Amino acid sequence: TVRPGRVLAGEGMHELYLEALLAEHPDLRLDGLTLVVDCANGAASAFAPELLARAGARVIAIHASPTGLNINAEAGSEYVRQWPGKLKDLIHSYRAHMGIAFDGDADRVIFVDEHGGVVDGDHMLGMLARYLDERGQLMARSVVTTTMRNGGLKGYVDSAGLQLHETPVGDKYVAEKSIDLRGRMTLPGGIGLGGEQSGHIILLDDDHATGDGMRTALYVLRAFLAANGGSLADFAAAIGKTPQIIASADVGRGPRLDKPALAAFEQQTLADTPGLTRINLRYSGTEPKFRAMLES
């Protein structure tokens, strides 16, 4: 049976989306802040600069001219995480307070402080945990993250008397655990907080169950301003991140070690390497790559 379709005019949705983001923070004012905003030539291009400007910030938008071919091309959060130098130079050139970088589909966001330091998902989870908990809004007084999290985040969460729940790598696992925690709550309300070091943060409530980098950016800016002064570098430093390396190697179609062999290799490496506190070895589920995380 052929059923007729339905066409919905979307001209007004741009405005509805911006209004919805700002409506969560009716008292948020970014007046006096200068922000360099990297839109990755992607989904944030038509939204993020306008969103932040409406909140009062002076915005210098870069990589906000998508052609359909230049998305994430030497731009965006993943690029900046590896090579923050260009954004750092722009921050200094414009005397900006910080930089903000989204990824192509704008579910991730990271910040770069006034010294060029990367403020990633671990930092943001710590900042937001404190901010939400101080206001009685942190669901189950918990933070959900993956096994790739930094040890500093765990120490920070533990010192605040909060719970840290770890999941396998992948935002879907973070979302599943957050939804599970929400389902166990006897009293409704609060915001579930979870995310990954990449800057994919999930602020779970009745209307949101996935990451939205622009929504995350507003919450982080609100938490930063609520801390009453200081720089972004000082604000992020409170998380106390420990030395950590995360790296990948191409492995093509070569043979793979099985999980028991990987586990044995991890244990042997810990035993043989003084000062090493954590190691995580795994194969990517989406690319022919081997990934390693080492922390001291």
# chains A, B, ... in the order shown; residues from 1 in each chain; ligands from 1
>>> residues_around(residues="region 149-164 of chain A", least_positions_apart="5", cutoff="9 Å", atoms="only C-alpha atoms", output="PDB file with C-alpha atoms, in the first residue's frame")
ATOM      1  CA  GLY A 121      36.114  15.858  28.294  1.00  0.00           C
ATOM      2  CA  ASP A 122      37.798  14.805  31.543  1.00  0.00           C
ATOM      3  CA  HIS A 123      38.131  18.424  32.616  1.00  0.00           C
ATOM      4  CA  LEU A 125      33.104  16.259  33.439  1.00  0.00           C
ATOM      5  CA  GLY A 126      34.866  17.373  36.615  1.00  0.00           C
ATOM      6  CA  ALA A 129      30.031  17.501  38.281  1.00  0.00           C
ATOM      7  CA  ARG A 130      31.001  20.132  40.827  1.00  0.00           C
ATOM      8  CA  ASP A 133      26.257  18.904  42.557  1.00  0.00           C
ATOM      9  CA  ALA A 140      22.463  10.082  41.552  1.00  0.00           C
ATOM     10  CA  ARG A 141      25.482  12.239  42.478  1.00  0.00           C
ATOM     11  CA  SER A 142      27.275  10.274  39.768  1.00  0.00           C
ATOM     12  CA  VAL A 143      29.539  10.737  36.768  1.00  0.00           C
ATOM     13  CA  VAL A 144      29.612   8.164  33.964  1.00  0.00           C
ATOM     14  CA  GLU A 196      34.261  10.757  27.060  1.00  0.00           C
ATOM     15  CA  GLN A 197      37.656  12.419  27.019  1.00  0.00           C
ATOM     16  CA  ALA A 238      41.498  21.878  39.649  1.00  0.00           C
ATOM     17  CA  ILE A 239      40.800  18.499  38.039  1.00  0.00           C
ATOM     18  CA  GLY A 240      44.446  17.539  38.553  1.00  0.00           C
ATOM     19  CA  LYS A 241      44.956  15.378  35.492  1.00  0.00           C
ATOM     20  CA  THR A 242      47.789  12.871  35.702  1.00  0.00           C
ATOM     21  CA  PRO A 243      50.346  12.155  32.916  1.00  0.00           C
ATOM     22  CA  GLN A 244      48.660  10.075  30.247  1.00  0.00           C
ATOM     23  CA  ARG A 278      47.132   2.001  34.350  1.00  0.00           C
ATOM     24  CA  GLU A 295      48.983   6.484  32.609  1.00  0.00           C
ATOM     25  CA  SER A 296      51.455   7.237  35.386  1.00  0.00           C
TER      26      SER A 296
END
>>> atom_distance(atom1="CA of His92 (chain A)", atom2="CA of Tyr219 (chain A)")
24.3 Å
>>> closest_atom_pairs(of="region 53-162 of chain A", to="region 204-217 of chain A", cutoff="8 Å", atoms="only C-alpha atoms", output="CSV")
residue,atom,partner,partner_atom,distance
A:Ile100,CA,A:Ala217,CA,7.9
A:Phe102,CA,A:Gly213,CA,6.5
A:Ala106,CA,A:Gly213,CA,5.2
A:Asp107,CA,A:Asp212,CA,4.4
A:Arg108,CA,A:Gly213,CA,4.7
A:Val109,CA,A:Gly213,CA,4.9
>>> residues_around(residues="Leu28 (chain A)", least_positions_apart="4", cutoff="12 Å", atoms="only C-alpha atoms", output="JSON, numbers by chain")
{"A": [21, 22, 23, 24, 51, 52, 53, 54, 55, 56, 57, 218, 219, 220, 221, 222, 223, 224, 225, 226]}
>>> write_last_selection(atoms="C-alpha atoms", output="mmCIF file, in the first residue's frame")
data_model
loop_
_atom_site.group_PDB
_atom_site.id
_atom_site.type_symbol
_atom_site.label_atom_id
_atom_site.label_comp_id
_atom_site.auth_asym_id
_atom_site.auth_seq_id
_atom_site.Cartn_x
_atom_site.Cartn_y
_atom_site.Cartn_z
ATOM 1 C CA LEU A 21 19.506 26.080 23.927
ATOM 2 C CA LEU A 22 19.404 29.549 25.447
ATOM 3 C CA ALA A 23 16.171 28.883 27.366
ATOM 4 C CA GLU A 24 18.032 26.483 29.680
ATOM 5 C CA LEU A 51 24.351 31.235 19.730
ATOM 6 C CA LEU A 52 27.354 32.553 21.657
ATOM 7 C CA ALA A 53 26.960 36.065 20.272
ATOM 8 C CA ARG A 54 23.332 36.163 21.399
ATOM 9 C CA ALA A 55 24.541 35.325 24.904
ATOM 10 C CA GLY A 56 26.745 38.414 24.743
ATOM 11 C CA ALA A 57 30.173 37.115 23.730
ATOM 12 C CA LEU A 218 26.856 26.649 27.339
ATOM 13 C CA TYR A 219 26.852 24.509 30.483
ATOM 14 C CA VAL A 220 30.654 24.660 30.753
ATOM 15 C CA LEU A 221 30.670 28.437 30.272
ATOM 16 C CA ARG A 222 27.978 28.769 32.917
ATOM 17 C CA ALA A 223 29.991 26.626 35.356
ATOM 18 C CA PHE A 224 33.129 28.649 34.587
ATOM 19 C CA LEU A 225 31.406 31.965 35.265
ATOM 20 C CA ALA A 226 29.768 30.595 38.418
#
>>> closest_residue(among="A:Leu138, A:Leu132, A:Ala292, A:Val36", to="Asp250 (chain A)", atoms="only C-alpha atoms")
A:Ala292
